[in-house]
Amino acid sequence: MGSGRKGSGRKFLPLYIGIMIAGIAIVSLQRALHRQEPSAPSAPEIEVSGPVVVPPRLNEQQKLGALAFAQACSDCHGLTLTGRATGPSLLVDRYRVMPDDDYRRAVERGAEATQGGWLPMPPIQGLSPGQVDAIIAYVRRMQAVNPNPSLQQ
Ligand code: HEC
């Protein structure tokens, strides 16, 4: 009896192995597909000549800022600040010279639409003052290492 059960277990062994291999194949396929997805940010509002660089070394504050920016700002301004259909690029002159306090005000109270095409920016809720400072640190770092598109045209 005991040996019979063992025998049927062995019969199913190739099936188990097959399922495992199929599982691993599916997982790695998903990983491969996922890896290709996020590399291309959506169409920038303003052409930036050359690729936008995310600096390889961000300090701790800038890293936190990048995360918070990804969650709270990137839908409209783009993960790499190149802008999207829903918001302007933050790499242009206007936002380079804009003081930090204006960034804080925009997050807290939102911003009016001042340029053609965009809706007003709504106030962004749920960010601590520390997170807003971190976002500004990330934005300043990105502005520092990337070309100013308005000077390159
Ligand atoms: C729902 C889309 C949206 C989100 C989310 C968003 N913005 Fe904006 N942002 C805009 C638009 C649109 C403008 C106004 C463009 C204009 O001047 O017409 C703007 C303007 C700004 C300005 C300029 C304000 C001024 O006084 O002219 C700053 C700074 C800014 N955004 C930073 C941020 C930061 C930081 C975040 C995340 C915490 C963020 N935005 C999230 C859409 C967005």
# chains A, B, ... in the order shown; residues from 1 in each chain; ligands from 1

$ residues_near_ligand --ligand "ligand 1" --cutoff "6 Å" --atoms "only C-alpha atoms and all ligand atoms" --output "JSON, numbers by chain"
{"A": [69, 72, 73, 75, 76, 86, 87, 88, 102, 103, 106, 107, 111, 112, 113, 114, 115, 118, 119, 120, 121, 124]}

$ write_last_selection --atoms "C-alpha atoms" --output "mmCIF file, in the first residue's frame"
data_model
loop_
_atom_site.group_PDB
_atom_site.id
_atom_site.type_symbol
_atom_site.label_atom_id
_atom_site.label_comp_id
_atom_site.auth_asym_id
_atom_site.auth_seq_id
_atom_site.Cartn_x
_atom_site.Cartn_y
_atom_site.Cartn_z
ATOM 1 C CA PHE A 69 7.770 63.509 -6.247
ATOM 2 C CA ALA A 72 2.590 63.385 -5.723
ATOM 3 C CA CYS A 73 3.912 65.349 -8.724
ATOM 4 C CA ASP A 75 1.591 62.495 -12.991
ATOM 5 C CA CYS A 76 1.643 66.080 -14.217
ATOM 6 C CA THR A 86 -1.156 67.730 -17.645
ATOM 7 C CA GLY A 87 1.649 70.000 -16.412
ATOM 8 C CA PRO A 88 4.751 71.958 -17.419
ATOM 9 C CA ASP A 102 6.849 79.560 -4.298
ATOM 10 C CA TYR A 103 7.190 75.789 -4.599
ATOM 11 C CA ALA A 106 2.122 75.843 -5.036
ATOM 12 C CA VAL A 107 1.977 72.555 -3.123
ATOM 13 C CA ALA A 111 -1.371 77.319 -8.713
ATOM 14 C CA GLU A 112 -3.374 79.262 -11.243
ATOM 15 C CA ALA A 113 -3.124 78.427 -14.905
ATOM 16 C CA THR A 114 -0.780 81.071 -16.283
ATOM 17 C CA GLN A 115 0.229 79.533 -19.580
ATOM 18 C CA TRP A 118 -2.858 73.710 -18.655
ATOM 19 C CA LEU A 119 -5.532 73.493 -16.017
ATOM 20 C CA PRO A 120 -4.762 75.082 -12.643
ATOM 21 C CA MET A 121 -2.663 72.928 -10.319
ATOM 22 C CA ILE A 124 -1.418 68.649 -3.124
#

$ closest_residue --among "A:Val139, A:Leu81, A:Val145, A:Ala134" --to "Ala68 in chain A" --atoms "only C-alpha atoms"
A:Ala134

$ atom_distance --atom1 "CA of Asn59 in chain A" --atom2 "CA of Pro99 in chain A"
21.0 Å

$ select_by_dssp --residues "range 50-133 of chain A" --states "strand (DSSP E or B)" --output "PyMOL selection string"
chain A and resi 84+87+111+121

$ residues_around --residues "Pro56 in chain A" --least-positions-apart "4" --cutoff "12 Å" --atoms "only C-alpha atoms" --output "list in words"
Gln62, Lys63, Arg141, Met142 and Val145 of chain A

$ residues_around --residues "Gly126 in chain A" --least-positions-apart "3" --cutoff "10 Å" --atoms "only C-alpha atoms" --output "VMD selection string"
chain A and resid 72 108 123 129 131

$ atom_distance --atom1 "CA of Gly110 in chain A" --atom2 "CA of Asn146 in chain A"
25.6 Å
